[in-house]
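Text of the file entry_29.txt, holding compact mmCIF, C-alpha atoms:
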# COMPACT_ATOMS: atom_id res chain seq x y z
CA MET A 25 -59.98 -90.71 102.04
CA ASN A 26 -58.46 -87.66 100.40
CA LYS A 27 -55.03 -89.28 100.56
CA HIS A 28 -56.22 -92.43 98.75
CA PHE A 29 -58.10 -90.35 96.14
CA ALA A 30 -54.94 -88.42 95.23
CA THR A 31 -53.03 -91.69 94.84
CA VAL A 32 -55.69 -93.10 92.50
CA VAL A 33 -55.56 -89.99 90.32
CA VAL A 34 -51.78 -90.19 90.02
CA VAL A 35 -51.95 -93.88 89.03
CA ILE A 36 -54.65 -93.26 86.40
CA ASN A 37 -52.71 -90.39 84.83
CA GLY A 38 -49.61 -92.57 84.69
CA VAL A 39 -51.48 -95.33 82.90
CA ILE A 40 -52.87 -92.86 80.33
CA ILE A 41 -49.43 -91.40 79.59
CA ILE A 42 -47.84 -94.84 79.19
CA GLY A 43 -50.71 -95.87 76.87
CA LEU A 44 -50.32 -92.82 74.68
CA LEU A 45 -46.57 -93.31 74.39
CA GLY A 46 -47.10 -96.93 73.38
CA LEU A 47 -49.77 -96.02 70.85
CA ARG A 48 -47.44 -93.50 69.21
CA GLY A 49 -45.00 -96.30 68.49
CA TRP A 50 -47.68 -98.12 66.48
CA LEU A 51 -48.70 -95.07 64.40
CA PRO A 52 -46.92 -94.22 61.11
CA PRO A 53 -44.45 -91.35 61.30
CA VAL A 54 -45.77 -87.88 60.52
CA PRO A 55 -44.39 -86.84 57.11
CA GLU A 56 -42.22 -83.81 56.96
CA LYS A 57 -43.77 -80.81 55.22
CA THR A 58 -42.52 -80.52 51.66
CA GLU A 59 -43.11 -77.83 49.07
CA VAL A 60 -43.95 -79.01 45.55
CA VAL A 61 -42.70 -76.64 42.88
CA GLU A 62 -44.42 -76.89 39.50
CA GLU A 63 -42.28 -75.64 36.65
CA ARG A 64 -44.03 -73.51 34.05
CA ARG A 65 -42.86 -71.35 31.20
CA LEU A 66 -44.04 -67.84 30.45
CA VAL A 67 -44.89 -67.31 26.80
CA ALA A 68 -44.98 -63.92 25.13
CA ALA A 69 -48.54 -62.97 24.19
CA SER A 70 -47.55 -62.02 20.65
CA ARG A 71 -46.69 -65.66 19.94
CA CYS A 72 -49.96 -67.13 21.12
CA ARG A 73 -53.43 -66.75 19.56
CA GLN A 74 -55.33 -67.08 22.84
CA CYS A 75 -52.94 -65.51 25.35
CA THR A 76 -53.72 -62.78 27.83
CA PRO A 77 -52.47 -59.24 27.04
CA THR A 78 -49.31 -59.75 29.12
CA GLY A 79 -48.58 -63.42 28.60
CA ASP A 80 -49.82 -66.90 29.28
CA LEU A 81 -48.58 -70.09 30.93
CA LEU A 82 -47.72 -72.87 28.53
CA ALA A 83 -48.04 -76.38 29.89
CA GLU A 84 -44.89 -78.47 29.98
CA GLY A 85 -44.45 -80.37 26.71
CA ASP A 86 -46.53 -78.05 24.52
CA ARG A 87 -44.91 -76.55 21.44
CA LEU A 88 -45.16 -72.89 20.46
CA ASP A 89 -45.45 -73.72 16.76
CA GLU A 90 -48.47 -75.99 17.20
CA PRO A 91 -51.93 -74.54 16.41
CA LEU A 92 -53.95 -73.72 19.52
CA ASP A 93 -57.23 -74.58 17.84
CA ASP A 94 -58.44 -75.97 14.54
CA ASN A 95 -61.39 -73.64 14.01
CA ALA A 96 -60.10 -72.63 10.56
CA ARG A 97 -61.00 -76.06 9.21
CA ASN A 98 -64.66 -74.98 9.53
CA VAL A 99 -64.29 -72.25 6.88
CA ARG A 100 -66.28 -72.94 3.71
CA PRO A 101 -67.95 -71.01 0.88
CA VAL A 102 -71.69 -70.41 1.18
CA ILE A 103 -72.39 -67.71 -1.42
CA THR A 104 -74.34 -69.30 -4.27
CA LYS A 105 -74.98 -66.31 -6.53
CA ILE A 106 -73.78 -62.77 -7.15
CA ASN A 107 -75.84 -60.15 -8.97
CA LEU A 108 -73.75 -57.32 -10.39
CA ASN A 109 -76.77 -55.54 -11.86
CA PRO A 110 -79.55 -55.86 -9.30
CA PRO A 111 -82.98 -54.38 -9.91
CA SER A 112 -82.41 -51.64 -7.35
CA GLY A 113 -79.71 -50.12 -5.20
CA THR A 114 -76.07 -49.21 -5.74
CA CYS A 115 -74.43 -52.37 -4.35
CA VAL A 116 -73.96 -55.90 -5.57
CA TRP A 117 -76.41 -58.50 -4.31
CA LEU A 118 -75.28 -61.79 -2.84
CA GLU A 119 -77.25 -64.96 -2.20
CA THR A 120 -76.71 -67.95 0.05
CA GLU A 121 -78.95 -70.99 0.38
CA HIS A 122 -81.52 -69.23 2.55
CA LEU A 123 -80.60 -65.54 2.47
CA LEU A 124 -80.43 -62.57 0.11
CA PHE A 125 -77.93 -59.79 0.81
CA ARG A 126 -79.38 -56.71 -0.89
CA ASP A 127 -79.34 -52.93 -0.64
CA ILE A 128 -80.94 -51.31 2.37
CA ARG A 129 -84.11 -49.26 1.74
CA LEU A 130 -86.23 -46.73 3.57
CA SER A 131 -89.15 -49.11 3.10
CA ASP A 132 -87.35 -51.52 5.46
CA VAL A 133 -87.94 -49.18 8.40
CA ASP A 134 -90.83 -51.17 9.92
CA ASP A 135 -89.02 -54.53 9.96
CA PHE A 136 -85.79 -52.79 10.93
CA TYR A 137 -87.38 -51.02 13.90
CA ALA A 138 -89.20 -54.20 14.92
CA TYR A 139 -85.97 -55.98 15.82
CA CYS A 140 -83.86 -52.95 16.77
CA SER A 141 -86.42 -52.06 19.44
CA ASN A 142 -86.43 -55.60 20.84
CA PRO A 143 -84.42 -55.64 24.12
CA GLU A 144 -83.36 -59.26 23.54
CA ALA A 145 -81.95 -58.40 20.11
CA ALA A 146 -80.15 -55.36 21.48
CA ALA A 147 -78.66 -57.51 24.26
CA ARG A 148 -76.91 -59.58 21.57
CA SER A 149 -75.47 -56.56 19.79
CA SER A 150 -73.12 -53.61 20.27
CA TRP A 151 -75.71 -50.92 19.60
CA PRO A 152 -78.26 -49.26 21.89
CA ARG A 153 -81.88 -50.30 21.57
CA HIS A 154 -83.99 -48.09 19.31
CA HIS A 155 -86.71 -46.38 21.35
CA ALA A 156 -88.52 -44.71 18.47
CA LYS A 157 -88.91 -45.39 14.76
CA ILE A 158 -87.07 -42.15 14.02
CA ASP A 159 -83.91 -43.80 15.43
CA SER A 160 -84.20 -46.56 12.85
CA LEU A 161 -84.98 -44.11 10.06
CA LYS A 162 -81.83 -42.09 10.83
CA VAL A 163 -79.66 -45.19 10.57
CA LEU A 164 -81.22 -46.23 7.25
CA LYS A 165 -80.74 -42.76 5.77
CA ASN A 166 -77.13 -42.73 6.93
CA TRP A 167 -76.52 -46.11 5.33
CA ILE A 168 -78.08 -45.16 2.03
CA SER A 169 -75.93 -42.04 1.83
CA LEU A 170 -72.81 -44.15 2.41
CA LEU A 171 -73.45 -46.82 -0.22
CA GLU A 172 -71.85 -44.87 -3.05
CA GLU A 173 -68.73 -44.05 -1.02
CA ARG A 174 -68.28 -47.62 0.18
CA ARG A 175 -68.03 -48.97 -3.40
CA GLY A 176 -68.86 -52.62 -3.01
CA VAL A 177 -68.38 -52.90 0.76
CA PRO A 178 -71.91 -51.97 1.78
CA PRO A 179 -74.09 -52.56 4.80
CA TRP A 180 -76.41 -55.17 3.33
CA ALA A 181 -79.98 -55.79 4.31
CA VAL A 182 -80.31 -59.54 4.97
CA GLU A 183 -83.58 -60.91 3.68
CA GLU A 184 -85.05 -64.34 4.24
CA LYS A 185 -85.59 -65.68 0.71
CA ALA A 186 -88.54 -67.87 1.63
CA THR A 187 -90.60 -64.98 3.06
CA GLY A 188 -88.98 -61.82 1.66
CA ARG A 189 -88.76 -60.49 5.21
CA LEU A 190 -85.84 -58.42 6.51
CA ILE A 191 -84.28 -60.46 9.33
CA GLY A 192 -80.98 -58.64 9.84
CA THR A 193 -78.16 -56.47 8.54
CA ALA A 194 -74.51 -57.25 7.81
CA GLY A 195 -71.45 -55.65 6.29
CA ILE A 196 -67.75 -54.85 6.31
CA SER A 197 -67.49 -52.03 8.83
CA GLU A 198 -63.71 -51.51 8.53
CA CYS A 199 -61.10 -52.26 5.88
CA THR A 200 -57.56 -51.21 5.14
CA LEU A 201 -56.03 -51.17 1.66
CA ASP A 202 -52.25 -51.12 2.01
CA GLU A 203 -52.19 -54.21 4.23
CA PRO A 204 -55.58 -55.75 3.40
CA ARG A 205 -57.65 -56.74 6.37
CA GLY A 206 -61.30 -56.34 7.20
CA LYS A 207 -63.67 -56.22 10.14
CA PHE A 208 -67.27 -57.32 9.77
CA ASP A 209 -70.37 -56.77 11.87
CA TYR A 210 -73.87 -58.19 11.69
CA SER A 211 -77.08 -58.50 13.66
CA VAL A 212 -80.09 -60.77 13.35
CA GLY A 213 -83.58 -60.08 14.66
CA GLN A 214 -85.79 -62.58 16.43
CA ALA A 215 -87.39 -63.67 13.14
CA GLY A 216 -84.05 -65.19 12.15
CA TRP A 217 -83.10 -66.90 15.39
CA ASN A 218 -82.57 -70.66 15.74
CA LYS A 219 -82.50 -71.24 11.99
CA GLY A 220 -78.77 -71.31 11.35
CA TYR A 221 -78.89 -67.88 9.70
CA GLU A 222 -76.22 -66.31 11.89
CA LEU A 223 -73.70 -68.96 10.88
CA GLU A 224 -74.67 -68.51 7.22
CA ILE A 225 -74.16 -64.74 7.49
CA VAL A 226 -70.76 -65.02 9.18
CA ARG A 227 -69.52 -67.50 6.57
CA ALA A 228 -70.71 -65.24 3.74
CA LEU A 229 -68.92 -62.23 5.24
CA LEU A 230 -65.73 -64.23 5.66
CA GLU A 231 -65.94 -65.39 2.04
CA TYR A 232 -66.42 -61.83 0.81
CA SER A 233 -63.54 -60.54 2.93
CA ILE A 234 -61.10 -63.27 1.89
CA VAL A 235 -61.98 -63.68 -1.79
CA THR A 236 -63.12 -60.22 -2.89
CA MET A 237 -61.13 -58.01 -0.55
CA GLN A 238 -58.20 -60.47 -0.40
CA SER A 239 -57.86 -59.81 3.32
CA VAL A 240 -54.98 -61.48 5.11
CA ARG A 241 -56.91 -61.06 8.35
CA THR A 242 -60.63 -60.82 9.04
CA GLU A 243 -61.88 -59.89 12.49
CA THR A 244 -64.97 -59.05 14.48
CA TRP A 245 -66.13 -58.73 18.06
CA VAL A 246 -68.99 -60.07 20.16
CA ARG A 247 -70.39 -59.31 23.58
CA SER A 248 -68.86 -61.44 26.33
CA ASP A 249 -72.34 -62.29 27.63
CA TYR A 250 -73.53 -63.54 24.22
CA ILE A 251 -72.17 -67.08 24.52
CA GLU A 252 -74.10 -68.44 21.54
CA GLY A 253 -72.64 -65.71 19.33
CA GLN A 254 -69.13 -66.75 20.37
CA ARG A 255 -69.92 -70.38 19.52
CA ILE A 256 -71.17 -69.34 16.07
CA LEU A 257 -67.98 -67.39 15.31
CA GLU A 258 -65.83 -70.35 16.29
CA GLU A 259 -67.97 -72.73 14.25
CA ALA A 260 -67.49 -70.42 11.25
CA GLY A 261 -63.71 -70.58 11.64
CA LEU A 262 -62.62 -67.63 13.79
CA SER A 263 -60.43 -67.86 16.88
CA LYS A 264 -60.72 -66.00 20.16
CA GLU A 265 -57.89 -63.52 20.67
CA GLY A 266 -58.76 -61.69 23.86
CA ILE A 267 -61.28 -59.74 25.91
CA SER A 268 -61.58 -55.96 26.24
CA PRO A 269 -63.31 -55.12 29.54
CA HIS A 270 -65.69 -52.14 29.52
CA TYR A 271 -65.00 -51.70 25.81
CA LYS A 272 -68.24 -49.99 24.83
CA LEU A 273 -70.99 -48.02 26.56
CA VAL A 274 -74.33 -49.52 25.53
CA ASP A 275 -77.60 -48.21 26.96
CA GLY A 276 -75.82 -46.70 29.96
CA GLN A 277 -73.79 -49.80 30.84
CA TYR A 278 -70.20 -50.67 29.96
CA VAL A 279 -70.02 -53.97 28.11
CA ASP A 280 -67.06 -56.35 27.76
CA PHE A 281 -66.30 -57.53 24.23
CA VAL A 282 -64.49 -60.64 23.01
CA HIS A 283 -62.30 -60.22 19.93
CA TYR A 284 -62.21 -62.89 17.22
CA ALA A 285 -60.15 -63.19 14.05
CA LEU A 286 -59.32 -65.51 11.18
CA LEU A 287 -55.95 -65.42 9.43
CA THR A 288 -56.27 -66.34 5.77
CA LYS A 289 -53.04 -68.35 5.95
CA GLU A 290 -54.75 -70.70 8.44
CA ILE A 291 -57.31 -72.03 5.96
CA ALA A 292 -56.72 -74.71 3.34
CA PRO A 293 -55.38 -73.20 0.07
CA ASN A 294 -58.22 -74.48 -2.13
CA THR A 295 -61.08 -73.61 0.23
CA PHE A 296 -62.47 -70.88 -2.05
CA LYS A 297 -61.19 -72.23 -5.36
CA HIS A 298 -64.73 -72.56 -6.72
CA SER A 299 -66.28 -69.56 -4.95
CA VAL A 300 -68.64 -67.59 -7.19
CA LEU A 301 -66.80 -64.47 -6.01
CA GLN A 302 -63.62 -65.46 -7.85
CA SER A 303 -64.85 -63.70 -11.00
CA PHE A 304 -65.97 -60.57 -9.14
CA LYS A 305 -63.48 -57.68 -9.19
CA PRO A 306 -65.01 -54.64 -7.46
CA GLU A 307 -63.74 -51.13 -7.97
CA THR A 308 -60.99 -50.42 -5.47
CA PRO A 309 -62.04 -48.00 -2.73
CA LYS A 310 -60.17 -44.72 -2.72
CA LYS A 311 -59.56 -44.69 1.02
CA ASN A 312 -59.60 -46.88 4.07
CA LEU A 313 -62.96 -47.59 5.62
CA GLU A 314 -63.38 -47.22 9.36
CA ASP A 315 -66.27 -47.43 11.78
CA ILE A 316 -68.41 -44.48 10.73
CA ASP A 317 -71.15 -43.80 13.23
CA PRO A 318 -72.05 -45.31 16.61
CA LEU A 319 -75.68 -45.31 15.46
CA ILE A 320 -74.82 -47.80 12.72
CA THR A 321 -76.65 -51.00 13.57
CA PHE A 322 -75.17 -54.22 12.29
As a first step, turn the structure in this file into structure tokens.
Amino acid sequence: MNKHFATVVVVINGVIIIGLLGLRGWLPPVPEKTEVVEERRLVAASRCRQCTPTGDLLAEGDRLDEPLDDNARNVRPVITKINLNPPSGTCVWLETEHLLFRDIRLSDVDDFYAYCSNPEAAARSSWPRHHAKIDSLKVLKNWISLLEERRGVPPWAVEEKATGRLIGTAGISECTLDEPRGKFDYSVGQAGWNKGYELEIVRALLEYSIVTMQSVRTETWVRSDYIEGQRILEEAGLSKEGISPHYKLVDGQYVDFVHYALLTKEIAPNTFKHSVLQSFKPETPKKNLEDIDPLITF
């Protein structure tokens, strides 16, 4: 019995082996392993608006002299009126369709504190949340003392014309004179959200920087976690240039900031031909303006 069993096992194994060998002949050949090499070109960061700090990969067929985006076509004038002799304050007043850019006042402290103490508003901005009204009062006093020195480049209070309510602040926080360029900052409280006011403010600041200051470059920054703010800047005409990780310490946490800029040469030549600012020639500042105080709340 054991002898016959062993013979059966040998026969079965032989049949299986022959079957497998025959099946292999019917199967397609196994392809040889090949390595696909994709050719890419390394582009110097200085030649590319949206490159990383060290360089970026340019897809095959792209040209270095082609624009990387067409955001600049969105630039347009929005300032409708300029008041050189306003009823109060030491700065010029500007108006857009919905907003009044006027001097900041101590009487604004309640509205100012209302949005500076709002955690959601602070989460959109580069400044720490105000925890007491005295914080807001210090900022307002600092601003008022700087108005005379800034000579036409003030931190404006942004007022909603329909209600007369302070909804935000905006201004040119940095400017250089020998090679004119400017940096603007702004903030809008909850009373001005979802009304298109942020876009209106950014466009007004760009117009002021390009026409009045004759900046060849206008820049700003925005928190990397404020996606809507980035969309607004791009809709206004600015282009993303890079990200600075852990750029600023805000309320005990390091925040990443995205840098945006608009080069005046990128916009159409006649964009501001009829801007109301064309006739405004402010007194030239005596020195460069730089970020003044981390408490400043734009």
If we count only C-alpha atoms, what is near His155 in chain A at a cut-off of 9 Å, once residues fewer than 5 positions away on the same chain are taken out, given as a JSON list (two decimals) with C-alpha atoms, in the coordinates of the input?
[["chain", "number", "residue", "atom", "x", "y", "z"],
["A", 137, "TYR", "CA", -87.38, -51.02, 13.90],
["A", 140, "CYS", "CA", -83.86, -52.95, 16.77],
["A", 141, "SER", "CA", -86.42, -52.06, 19.44],
["A", 160, "SER", "CA", -84.20, -46.56, 12.85]]
Could you list, as a PyMOL selection string, every residue within 7 Å of Ala260 in chain A, counting all atoms listed in the file and ignoring same-chain residues fewer than 4 positions away? chain A and resi 98-99+223+226-227+256
Only C-alpha atoms, please: the residues just picked out, written as a PDB file, in the coordinates of the input.
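Result saved to out-v7.pdb:
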ATOM      1  CA  ASN A  98     -64.660 -74.980   9.530  1.00  0.00           C
ATOM      2  CA  VAL A  99     -64.290 -72.250   6.880  1.00  0.00           C
ATOM      3  CA  LEU A 223     -73.700 -68.960  10.880  1.00  0.00           C
ATOM      4  CA  VAL A 226     -70.760 -65.020   9.180  1.00  0.00           C
ATOM      5  CA  ARG A 227     -69.520 -67.500   6.570  1.00  0.00           C
ATOM      6  CA  ILE A 256     -71.170 -69.340  16.070  1.00  0.00           C
TER       7      ILE A 256
END
Atomic distance CA of Ile234 in chain A - CA of Gly206 in chain A, expressed in Å with one decimal: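 Interatomic distance, CA of Ile234 in chain A to CA of Gly206 in chain A: 8.7 Å.
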For CA of Cys115 in chain A and CA of Asp127 in chain A, quote the distance in Å rounded to one decimal.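 Separation of CA of Cys115 in chain A and CA of Asp127 in chain A: 6.2 Å.
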Distance of CA of Ala138 in chain A from CA of Leu161 in chain A, expressed in Å to one decimal place: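 Atom-to-atom, CA of Leu161 in chain A to CA of Ala138 in chain A, that is 12.0 Å.
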Residues around (-86.2, -66.1, 2.1), cut-off 9 Å, counting all atoms listed in the file - what are they as a list in words? Glu121, His122, Leu123, Leu124, Glu183, Glu184, Lys185, Ala186, Thr187, Gly188, Arg189 and Leu190 of chain A
Counting all atoms listed in the file, which residue out of A:Lys305, A:Arg241, A:Lys289, A:Lys219 sits closest to Glu203 in chain A?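 Answer, going by the shortest atom-to-atom distance: A:Arg241.
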Got a sec to check which residues sit within 10 Å of (-58.1, -74.5, 13.4), counting all atoms listed in the file, and write them as a PDB file with C-alpha atoms, in the frame of the given file?
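For reference, part_28.pdb as written:
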ATOM      1  CA  PRO A  91     -51.930 -74.540  16.410  1.00  0.00           C
ATOM      2  CA  LEU A  92     -53.950 -73.720  19.520  1.00  0.00           C
ATOM      3  CA  ASP A  93     -57.230 -74.580  17.840  1.00  0.00           C
ATOM      4  CA  ASP A  94     -58.440 -75.970  14.540  1.00  0.00           C
ATOM      5  CA  ASN A  95     -61.390 -73.640  14.010  1.00  0.00           C
ATOM      6  CA  ALA A  96     -60.100 -72.630  10.560  1.00  0.00           C
ATOM      7  CA  ARG A  97     -61.000 -76.060   9.210  1.00  0.00           C
ATOM      8  CA  ASN A  98     -64.660 -74.980   9.530  1.00  0.00           C
ATOM      9  CA  VAL A  99     -64.290 -72.250   6.880  1.00  0.00           C
ATOM     10  CA  GLU A 258     -65.830 -70.350  16.290  1.00  0.00           C
ATOM     11  CA  GLY A 261     -63.710 -70.580  11.640  1.00  0.00           C
ATOM     12  CA  LEU A 262     -62.620 -67.630  13.790  1.00  0.00           C
ATOM     13  CA  SER A 263     -60.430 -67.860  16.880  1.00  0.00           C
ATOM     14  CA  LEU A 286     -59.320 -65.510  11.180  1.00  0.00           C
ATOM     15  CA  GLU A 290     -54.750 -70.700   8.440  1.00  0.00           C
ATOM     16  CA  ILE A 291     -57.310 -72.030   5.960  1.00  0.00           C
TER      17      ILE A 291
END
From the set A:Val163, A:Ile106, A:Ile168, A:Ala156, which residue has the shortest atom-to-atom contact distance to Arg129 in chain A, counting only C-alpha atoms? A:Ile168
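Nearest residue to Glu231 in chain A, choosing from A:Pro269, A:Gly276, A:Pro110, A:Gly195 and counting all atoms listed in the file: A:Gly195.
Residue nearest Thr236 in chain A, chosen from A:Pro179, A:Arg100, A:Ser299, A:Gly266 and counting only C-alpha atoms: A:Ser299.
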With distances taken over all atoms listed in the file, which residue among A:Tyr139, A:Tyr232, A:Tyr210, A:Trp167 lies nearest Val182 in chain A? A:Tyr210
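Among A:Ser233, A:Thr104, A:Thr288, A:Ser303, the residue with the shortest atom-to-atom distance to Asp209 in chain A, counting all atoms listed in the file, is A:Ser233.
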Is it possible to add N, CA and C atoms to range 142-159 of chain A and hand it back as a tab-separated table (two decimals), in the frame of the given file?
chain	number	residue	atom	x	y	z
A	142	ASN	N	-86.28	-54.42	19.99
A	142	ASN	CA	-86.43	-55.60	20.84
A	142	ASN	C	-85.25	-55.67	21.83
A	143	PRO	N	-85.51	-55.61	23.14
A	143	PRO	CA	-84.42	-55.64	24.12
A	143	PRO	C	-83.55	-56.88	24.00
A	144	GLU	N	-84.14	-58.03	23.66
A	144	GLU	CA	-83.36	-59.26	23.54
A	144	GLU	C	-82.40	-59.18	22.36
A	145	ALA	N	-82.83	-58.56	21.27
A	145	ALA	CA	-81.95	-58.40	20.11
A	145	ALA	C	-80.82	-57.43	20.42
A	146	ALA	N	-81.17	-56.34	21.11
A	146	ALA	CA	-80.15	-55.36	21.48
A	146	ALA	C	-79.12	-55.96	22.44
A	147	ALA	N	-79.56	-56.88	23.30
A	147	ALA	CA	-78.66	-57.51	24.26
A	147	ALA	C	-77.64	-58.42	23.60
A	148	ARG	N	-77.86	-58.75	22.32
A	148	ARG	CA	-76.91	-59.58	21.57
A	148	ARG	C	-75.96	-58.72	20.74
A	149	SER	N	-76.18	-57.42	20.73
A	149	SER	CA	-75.47	-56.56	19.79
A	149	SER	C	-74.67	-55.48	20.51
A	150	SER	N	-73.98	-54.67	19.70
A	150	SER	CA	-73.12	-53.61	20.27
A	150	SER	C	-73.78	-52.25	20.19
A	151	TRP	N	-75.04	-52.20	19.78
A	151	TRP	CA	-75.71	-50.92	19.60
A	151	TRP	C	-76.82	-50.74	20.64
A	152	PRO	N	-77.16	-49.50	20.94
A	152	PRO	CA	-78.26	-49.26	21.89
A	152	PRO	C	-79.61	-49.56	21.25
A	153	ARG	N	-80.53	-50.00	22.06
A	153	ARG	CA	-81.88	-50.30	21.57
A	153	ARG	C	-82.54	-49.05	21.02
A	154	HIS	N	-83.25	-49.21	19.90
A	154	HIS	CA	-83.99	-48.09	19.31
A	154	HIS	C	-85.30	-47.90	20.09
A	155	HIS	N	-85.52	-46.66	20.54
A	155	HIS	CA	-86.71	-46.38	21.35
A	155	HIS	C	-87.83	-45.72	20.54
A	156	ALA	N	-87.51	-45.31	19.34
A	156	ALA	CA	-88.52	-44.71	18.47
A	156	ALA	C	-88.16	-45.01	17.02
A	157	LYS	N	-89.16	-45.03	16.16
A	157	LYS	CA	-88.91	-45.39	14.76
A	157	LYS	C	-88.00	-44.38	14.08
A	158	ILE	N	-87.96	-43.16	14.60
A	158	ILE	CA	-87.07	-42.15	14.02
A	158	ILE	C	-85.60	-42.56	14.17
A	159	ASP	N	-85.28	-43.30	15.25
A	159	ASP	CA	-83.91	-43.80	15.43
A	159	ASP	C	-83.54	-44.73	14.28
